[in-house]
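**Student:** My structure file target26.cif, mmCIF, C-alpha atoms and all ligand atoms, is below:
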```
data_start
#
loop_
_atom_site.label_atom_id
_atom_site.label_comp_id
_atom_site.auth_asym_id
_atom_site.auth_seq_id
_atom_site.Cartn_x
_atom_site.Cartn_y
_atom_site.Cartn_z
CA MET G 259 41.00 9.87 86.82
CA THR G 260 42.03 7.13 89.17
CA ARG G 261 41.35 7.62 92.85
CA PRO G 262 44.18 9.73 94.32
CA GLU G 263 46.53 7.65 96.48
CA TYR G 264 46.11 9.91 99.53
CA LEU G 265 42.28 9.95 99.40
CA ASP G 266 41.49 6.80 101.39
CA GLY G 267 43.61 7.98 104.33
CA ASN G 268 41.84 11.34 104.40
CA VAL G 269 38.39 9.76 104.09
CA ALA G 270 39.15 7.35 106.94
CA SER G 271 40.11 10.31 109.11
CA TRP G 272 36.94 12.26 108.20
CA GLN G 273 34.78 9.19 108.82
CA ARG G 274 36.13 9.30 112.41
CA GLN G 275 35.96 13.09 112.82
CA ALA G 276 32.46 13.54 111.35
CA ALA G 277 30.70 13.11 114.70
CA ASP G 278 32.68 16.04 116.17
CA TYR G 279 31.47 18.32 113.38
CA VAL G 280 27.73 17.72 113.81
CA VAL G 281 27.12 20.44 116.42
CA PRO G 282 29.18 23.12 114.62
CA ALA G 283 27.43 22.14 111.38
CA GLU G 284 23.99 22.51 112.94
CA ARG G 285 24.99 26.01 114.10
CA GLY G 286 26.08 26.84 110.54
CA TRP G 287 22.85 25.55 109.01
CA THR G 288 20.81 27.60 111.47
CA SER G 289 22.72 30.84 110.91
CA ILE G 290 21.17 33.20 108.36
CA ASP G 291 24.45 35.10 108.01
CA PRO G 292 27.52 33.21 106.76
CA TYR G 293 30.76 33.25 108.76
CA TRP G 294 34.11 31.86 107.74
CA GLY G 295 37.08 29.92 109.01
CA ILE G 296 38.21 28.98 112.47
CA PHE G 297 37.52 32.47 113.89
CA GLY G 298 34.05 32.72 112.35
CA ILE G 299 34.79 35.97 110.49
CA GLU G 300 31.64 37.66 109.24
CA GLU G 301 30.55 37.58 105.62
CA THR G 302 30.37 41.40 105.59
CA VAL G 303 34.18 41.37 106.02
CA VAL G 304 35.05 38.47 103.71
CA GLN G 305 32.39 38.78 100.99
CA MET G 306 32.72 35.19 99.76
CA LEU G 307 29.16 34.95 98.43
CA PRO G 308 27.24 37.20 96.03
CA ALA G 309 24.26 38.68 97.89
CA ASP G 310 21.87 37.38 95.24
CA MET G 311 22.70 33.94 93.79
CA SER G 312 19.37 33.46 92.01
CA GLY G 313 19.75 31.40 88.87
CA LEU G 314 23.37 30.43 89.61
CA SER G 315 24.39 26.81 89.30
CA CYS G 316 26.83 26.16 92.17
CA ILE G 317 29.06 23.36 93.41
CA GLU G 318 30.72 23.01 96.81
CA LEU G 319 33.90 20.93 96.50
CA GLY G 320 34.28 19.07 99.78
CA CYS G 321 30.99 20.18 101.34
CA GLY G 322 31.38 18.25 104.60
CA ALA G 323 28.23 18.76 106.62
CA GLY G 324 26.90 21.18 104.04
CA TYR G 325 26.25 24.53 105.75
CA VAL G 326 28.03 26.55 103.03
CA SER G 327 25.77 24.85 100.49
CA ALA G 328 22.79 25.89 102.61
CA TRP G 329 23.92 29.55 102.66
CA MET G 330 24.13 29.50 98.84
CA ALA G 331 20.76 27.79 98.43
CA ARG G 332 19.11 30.39 100.67
CA ARG G 333 20.54 33.09 98.38
CA GLY G 334 18.71 31.50 95.46
CA ALA G 335 21.37 29.19 93.99
CA GLN G 336 20.84 25.70 92.62
CA VAL G 337 23.45 23.78 94.64
CA VAL G 338 25.32 20.48 94.47
CA GLY G 339 27.64 19.55 97.31
CA ILE G 340 30.20 16.81 96.75
CA ASP G 341 32.26 15.08 99.41
CA PRO G 342 34.03 11.68 99.57
CA THR G 343 33.17 10.96 103.23
CA PRO G 344 29.87 9.08 103.79
CA ASN G 345 29.49 10.14 107.43
CA GLN G 346 29.81 13.81 106.51
CA LEU G 347 27.24 13.42 103.73
CA ALA G 348 24.85 11.65 106.11
CA THR G 349 24.98 14.69 108.43
CA ALA G 350 24.46 17.07 105.51
CA ARG G 351 21.47 15.14 104.15
CA ARG G 352 19.82 14.80 107.55
CA ILE G 353 20.10 18.49 108.44
CA CYS G 354 19.09 19.50 104.91
CA ALA G 355 15.86 17.49 105.24
CA GLU G 356 15.17 19.14 108.61
CA HIS G 357 15.57 22.59 107.01
CA GLY G 358 13.50 21.67 103.95
CA LEU G 359 16.09 22.87 101.43
CA ASP G 360 16.56 21.38 97.97
CA ILE G 361 20.31 20.59 97.74
CA GLU G 362 21.89 17.55 96.11
CA PHE G 363 24.62 16.01 98.27
CA ARG G 364 26.62 13.57 96.19
CA GLU G 365 29.55 11.30 97.07
CA GLY G 366 32.60 12.27 95.05
CA PHE G 367 36.04 13.85 95.19
CA ALA G 368 37.18 17.17 93.80
CA GLU G 369 40.00 15.80 91.67
CA ALA G 370 37.52 14.13 89.24
CA VAL G 371 33.91 15.29 89.49
CA GLU G 372 31.19 13.49 87.58
CA PHE G 373 29.69 16.50 85.83
CA PRO G 374 30.23 17.66 82.23
CA ASP G 375 32.49 20.56 81.29
CA ALA G 376 31.14 24.06 82.01
CA SER G 377 28.31 22.84 84.28
CA PHE G 378 28.58 25.57 86.94
CA ASP G 379 28.61 29.34 87.40
CA PHE G 380 30.17 29.25 90.87
CA ALA G 381 32.41 26.81 92.77
CA ILE G 382 33.44 27.10 96.41
CA SER G 383 35.41 25.28 99.08
CA GLU G 384 35.85 26.14 102.74
CA TYR G 385 38.56 23.81 104.07
CA GLY G 386 37.27 21.01 101.78
CA ALA G 387 39.14 20.34 98.54
CA ALA G 388 41.00 23.55 99.34
CA LEU G 389 42.99 21.79 102.09
CA TRP G 390 42.51 18.07 101.45
CA ALA G 391 42.91 17.65 97.67
CA ASP G 392 46.06 18.12 95.62
CA PRO G 393 45.78 21.60 94.07
CA TYR G 394 47.54 20.35 90.93
CA ARG G 395 44.56 18.00 90.46
CA TRP G 396 41.53 19.92 91.78
CA ILE G 397 42.25 23.41 90.39
CA PRO G 398 42.29 22.11 86.75
CA GLU G 399 39.11 20.17 87.54
CA ALA G 400 37.42 23.30 88.93
CA ALA G 401 38.42 25.15 85.77
CA ARG G 402 36.84 22.38 83.69
CA LEU G 403 33.60 22.45 85.68
CA LEU G 404 33.14 26.23 85.48
CA LYS G 405 31.57 28.11 82.61
CA PRO G 406 33.70 30.86 81.06
CA GLY G 407 33.33 33.83 83.39
CA GLY G 408 32.44 31.50 86.28
CA ARG G 409 33.85 32.10 89.74
CA LEU G 410 35.93 29.95 92.11
CA ARG G 411 36.29 31.02 95.74
CA PHE G 412 38.05 29.03 98.42
CA LEU G 413 39.32 29.36 101.97
CA THR G 414 42.25 27.39 103.27
CA ASN G 415 45.19 27.64 105.64
CA SER G 416 47.82 30.23 104.82
CA ALA G 417 51.37 29.05 104.20
CA PHE G 418 52.20 30.22 107.74
CA VAL G 419 50.45 27.15 109.18
CA PRO G 420 52.84 24.49 107.82
CA MET G 421 55.76 26.82 108.58
CA CYS G 422 54.88 27.85 112.14
CA ALA G 423 52.82 25.04 113.73
CA PRO G 424 54.71 22.63 116.03
CA ASP G 425 54.86 19.00 114.89
CA LEU G 426 52.41 17.91 117.57
CA GLU G 427 49.14 19.70 118.29
CA ALA G 428 49.68 18.81 121.96
CA ASP G 429 52.75 21.10 121.92
CA GLY G 430 50.50 24.15 121.57
CA PRO G 431 49.48 26.66 118.94
CA MET G 432 51.45 28.16 116.08
CA THR G 433 54.67 29.87 117.10
CA ASP G 434 56.33 33.09 115.93
CA ARG G 435 59.25 31.01 114.57
CA LEU G 436 59.64 29.58 111.08
CA LEU G 437 59.97 25.88 111.89
CA ARG G 438 59.86 24.54 108.33
CA PRO G 439 60.80 25.80 104.85
CA TYR G 440 58.47 27.91 102.70
CA PHE G 441 59.92 26.82 99.37
CA GLY G 442 58.73 23.40 98.31
CA LEU G 443 55.40 23.46 100.17
CA HIS G 444 52.98 20.92 98.73
CA GLU G 445 52.00 17.83 100.72
CA THR G 446 51.89 18.27 104.50
CA ARG G 447 51.72 15.31 106.89
CA TRP G 448 51.55 15.84 110.64
CA PRO G 449 53.13 13.16 112.88
CA ASP G 450 50.06 13.07 115.17
CA ALA G 451 47.62 12.58 112.27
CA PRO G 452 48.78 9.36 110.61
CA GLY G 453 47.11 8.63 107.27
CA GLU G 454 46.12 12.26 106.64
CA THR G 455 47.54 14.41 103.86
CA GLU G 456 46.95 18.15 103.64
CA PHE G 457 48.09 20.42 100.83
CA HIS G 458 49.61 23.90 101.02
CA LEU G 459 51.33 26.00 98.36
CA THR G 460 53.38 29.19 98.38
CA HIS G 461 51.55 32.26 97.07
CA GLY G 462 53.77 32.22 93.98
CA ASP G 463 52.89 28.61 93.24
CA TRP G 464 49.15 29.24 93.74
CA ILE G 465 49.29 32.14 91.30
CA SER G 466 51.20 30.14 88.68
CA LEU G 467 48.66 27.33 89.03
CA PHE G 468 45.70 29.72 88.65
CA ARG G 469 47.17 31.43 85.60
CA GLY G 470 48.09 28.10 84.03
CA ASN G 471 44.48 26.98 84.30
CA GLY G 472 42.85 30.10 82.89
CA PHE G 473 41.92 31.85 86.12
CA ASP G 474 42.25 35.58 86.78
CA ILE G 475 42.57 36.67 90.39
CA GLU G 476 39.80 38.94 91.65
CA ARG G 477 40.99 39.21 95.25
CA LEU G 478 43.15 37.54 97.87
CA VAL G 479 41.80 38.16 101.37
CA GLU G 480 44.26 37.32 104.13
CA LEU G 481 41.92 36.84 107.07
CA GLN G 482 42.76 38.77 110.23
CA ALA G 483 41.19 37.53 113.46
CA PRO G 484 39.49 40.40 115.31
CA ALA G 485 41.17 41.57 118.54
CA GLY G 486 40.30 39.16 121.35
CA ALA G 487 39.05 36.42 119.00
CA THR G 488 39.13 32.83 120.21
CA THR G 489 38.91 29.48 118.45
CA ALA G 490 38.17 25.90 119.47
CA TYR G 491 41.13 24.74 117.34
CA THR G 492 44.10 24.33 119.67
CA TRP G 493 46.70 24.63 116.87
CA ALA G 494 45.83 28.31 116.42
CA ASP G 495 45.40 31.28 118.71
CA GLY G 496 43.58 34.57 118.38
CA GLU G 497 46.43 36.86 119.40
CA TRP G 498 48.70 35.24 116.79
CA ALA G 499 45.98 35.41 114.14
CA HIS G 500 45.43 39.11 114.84
CA LYS G 501 49.05 39.69 113.74
CA TRP G 502 49.47 37.17 110.90
CA PRO G 503 47.03 35.37 108.59
CA VAL G 504 46.10 31.82 109.50
CA GLU G 505 43.72 31.63 106.53
CA ASP G 506 43.67 32.89 102.95
CA VAL G 507 40.60 33.36 100.79
CA TRP G 508 41.25 33.27 97.06
CA MET G 509 38.63 34.69 94.70
CA LEU G 510 39.12 33.77 91.04
CA ILE G 511 37.31 34.18 87.78
CA ARG G 512 37.63 31.76 84.90
CA GLU G 513 38.79 33.80 81.93
CA PRO G 514 35.85 34.31 79.59
CA SER G 515 37.97 33.33 76.58
CA SER G 516 39.69 30.22 77.98
C1 LIG C 601 36.60 20.56 107.48
S1 LIG C 601 35.56 19.70 106.34
C2 LIG C 601 35.14 21.13 105.37
C3 LIG C 601 33.75 21.13 104.88
C4 LIG C 601 32.80 22.12 105.53
N1 LIG C 601 33.23 23.48 105.40
C5 LIG C 601 32.59 21.72 106.95
O1 LIG C 601 33.24 22.29 107.84
O2 LIG C 601 31.79 20.82 107.20
C6 LIG C 601 36.69 18.85 105.23
C7 LIG C 601 35.99 18.01 104.20
O3 LIG C 601 36.84 17.79 103.09
C8 LIG C 601 36.48 16.55 102.56
N2 LIG C 601 37.48 16.06 101.61
C9 LIG C 601 38.59 15.32 101.88
N3 LIG C 601 39.22 15.02 100.73
C10 LIG C 601 38.51 15.56 99.73
C11 LIG C 601 38.65 15.58 98.31
N4 LIG C 601 39.70 14.97 97.72
N5 LIG C 601 37.71 16.21 97.58
C12 LIG C 601 36.67 16.83 98.18
N6 LIG C 601 36.49 16.86 99.53
C13 LIG C 601 37.40 16.24 100.29
C14 LIG C 601 36.31 15.68 103.78
O4 LIG C 601 35.56 14.52 103.50
C15 LIG C 601 35.61 16.63 104.74
O5 LIG C 601 34.22 16.44 104.75
#
```
For this file, produce the structure as structure tokens.
**Tutor:**
Amino acid sequence: MTRPEYLDGNVASWQRQAADYVVPAERGWTSIDPYWGIFGIEETVVQMLPADMSGLSCIELGCGAGYVSAWMARRGAQVVGIDPTPNQLATARRICAEHGLDIEFREGFAEAVEFPDASFDFAISEYGAALWADPYRWIPEAARLLKPGGRLRFLTNSAFVPMCAPDLEADGPMTDRLLRPYFGLHETRWPDAPGETEFHLTHGDWISLFRGNGFDIERLVELQAPAGATTAYTWADGEWAHKWPVEDVWMLIREPSS
């Protein structure tokens, strides 16, 4: 596949942002217990990862600074993390060496991954490909990479974010008004983030895409922030996220027969 037209803009943005993610990444690498999303919701609530991943071949699609890969490796998995942003990979490789884990961090993008068909038992993305790659390109690629019966789990923004967030982050967090249409969600570009492209779909469109690529749905977890939760991300707020989901976690299984 040719390089997606939006990729260079997103990589340029992540090259700039990578330095801001070093400290949060180091906290993630150090944590024994996984936590998810912008409110750090505990793994006991979300259950993204099997408790024992021994013998599983895993890929993280858009690994960033690599702490999710570390959590899988510590559960016994053989892990590859791919990401298109060199500065993010440099952080991941440095911290990985400090922790003495054996994880391959490889430059690449989720829309066309340089591994043969059916290479992996488990694929995951936390705000990586899940938000920054076109689902109509990366979901078929994830299906190709997974063995029959393999699992795909990913966390991304709910459709409420592109509907309820003001145009400018400086204008404050998500509102309780529907500012943009639900139907037609796909590419999202924010006026204060030139060059960046995010991707969101309606639930109906996600489900059609999964079914069209041979995935069954195990669970959809709409993450609820605990009462009193806070986040460093100014576009969201804990009180709002206690009432409505800011993030969705999709858990899929590649049909054994497809
Ligand atoms: C918020 S980080 C998420 C990764 C990880 N959970 C973290 O917080 O470090 C977003 C990552 O998505 C990556 N990304 C952007 N476009 C991508 C694509 N087309 N395929 C895979 N990853 C992509 C970026 O390079 C960035 O490292």
**Student:** Please identify all protein, DNA and RNA residues within 8 Å of ligand LIG 601 (chain C), counting all atoms listed in the file, and report them as a PyMOL selection string.
**Tutor:** chain G and resi 262+265+268-269+272-273+276+279+282-283+319-326+340-344+346-347+366-369+383-387+389-392+396
**Student:** Quick one: residues within 12 Å of Cys316 in chain G, only C-alpha atoms counted, chain neighbours fewer than 3 positions away excluded, as a PyMOL selection string?
**Tutor:** chain G and resi 307-308+311-313+319+321+326-331+333-340+361-362+373+376-383+400+403-405+408-411
**Student:** May I ask which of the residues G:Phe468, G:Trp502, G:Phe473, G:Tyr491 is the closest one to Gly407 in chain G, counting all atoms listed in the file?
**Tutor:**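 Comparing G:Phe468, G:Trp502, G:Phe473, G:Tyr491 against Gly407 in chain G, the winner is G:Phe473.
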**Student:** If you measure from CA of Pro398 in chain G to CA of Leu467 in chain G, what distance in Å do you get, rounded to one decimal?
**Tutor:**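 Result for CA of Pro398 in chain G versus CA of Leu467 in chain G: 8.5 Å, one decimal.
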**Student:** What does the distance between CA of Phe441 in chain G and CA of Leu510 in chain G come to in Å, to one decimal place?
**Tutor:**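 So the answer is 23.5 Å.
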**Student:** Would you work out the distance separating CA of Asp506 in chain G from CA of Leu413 in chain G, expressed in Å to one decimal?
**Tutor:**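 Separation between CA of Asp506 in chain G and CA of Leu413 in chain G: 5.7 Å.
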**Student:** Counting all atoms listed in the file, what is within 7 Å of Asn415 in chain G, bar same-chain residues fewer than 4 positions away, as a ChimeraX atom specification?
**Tutor:** /G:419,504-506
**Student:** Output C-alpha atoms of each residue in that selection to a file, as a PDB file, in the frame of the given file.
**Tutor:**
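After the write, result_0.pdb holds the following:
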```pdb
ATOM      1  CA  VAL G 419      50.450  27.150 109.180  1.00  0.00           C
ATOM      2  CA  VAL G 504      46.100  31.820 109.500  1.00  0.00           C
ATOM      3  CA  GLU G 505      43.720  31.630 106.530  1.00  0.00           C
ATOM      4  CA  ASP G 506      43.670  32.890 102.950  1.00  0.00           C
TER       5      ASP G 506
END
```
**Student:** Counting only C-alpha atoms, figure out which residue out of G:Trp498, G:Gln482, G:Pro503, G:Pro393 gets nearest to Ile299 in chain G.
**Tutor:**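 So, comparing all the options, the nearest one is G:Gln482.
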**Student:** Please return, as number ranges by chain, all polymer residues that have at least one atom within 12 Å of the point (55.1, 30.0, 94.3); use all atoms listed in the file and the file's own coordinate frame.
**Tutor:** G: 417, 440-444, 458-469
**Student:** Okay, now the selection with C-alpha atoms, as a PDB file, in the coordinates of the input?
**Tutor:**
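To be explicit, this is the file written out as out.pdb:
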```
ATOM      1  CA  ALA G 417      51.370  29.050 104.200  1.00  0.00           C
ATOM      2  CA  TYR G 440      58.470  27.910 102.700  1.00  0.00           C
ATOM      3  CA  PHE G 441      59.920  26.820  99.370  1.00  0.00           C
ATOM      4  CA  GLY G 442      58.730  23.400  98.310  1.00  0.00           C
ATOM      5  CA  LEU G 443      55.400  23.460 100.170  1.00  0.00           C
ATOM      6  CA  HIS G 444      52.980  20.920  98.730  1.00  0.00           C
ATOM      7  CA  HIS G 458      49.610  23.900 101.020  1.00  0.00           C
ATOM      8  CA  LEU G 459      51.330  26.000  98.360  1.00  0.00           C
ATOM      9  CA  THR G 460      53.380  29.190  98.380  1.00  0.00           C
ATOM     10  CA  HIS G 461      51.550  32.260  97.070  1.00  0.00           C
ATOM     11  CA  GLY G 462      53.770  32.220  93.980  1.00  0.00           C
ATOM     12  CA  ASP G 463      52.890  28.610  93.240  1.00  0.00           C
ATOM     13  CA  TRP G 464      49.150  29.240  93.740  1.00  0.00           C
ATOM     14  CA  ILE G 465      49.290  32.140  91.300  1.00  0.00           C
ATOM     15  CA  SER G 466      51.200  30.140  88.680  1.00  0.00           C
ATOM     16  CA  LEU G 467      48.660  27.330  89.030  1.00  0.00           C
ATOM     17  CA  PHE G 468      45.700  29.720  88.650  1.00  0.00           C
ATOM     18  CA  ARG G 469      47.170  31.430  85.600  1.00  0.00           C
TER      19      ARG G 469
END
```
**Student:** Using only C-alpha atoms, can you tell me which of G:Ala370, G:Glu456, G:Asp425, G:Leu481 comes closest to Gly295 in chain G?
**Tutor:**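 Nearest candidate to Gly295 in chain G out of G:Ala370, G:Glu456, G:Asp425, G:Leu481: G:Leu481.
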**Student:** Taking only C-alpha atoms into account, name the residue in G:Asn345, G:Ser515, G:Thr446, G:Thr414 that is nearest to Ile296 in chain G.
**Tutor:**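 Of the candidates, the smallest distance to Ile296 in chain G is held by G:Thr414.
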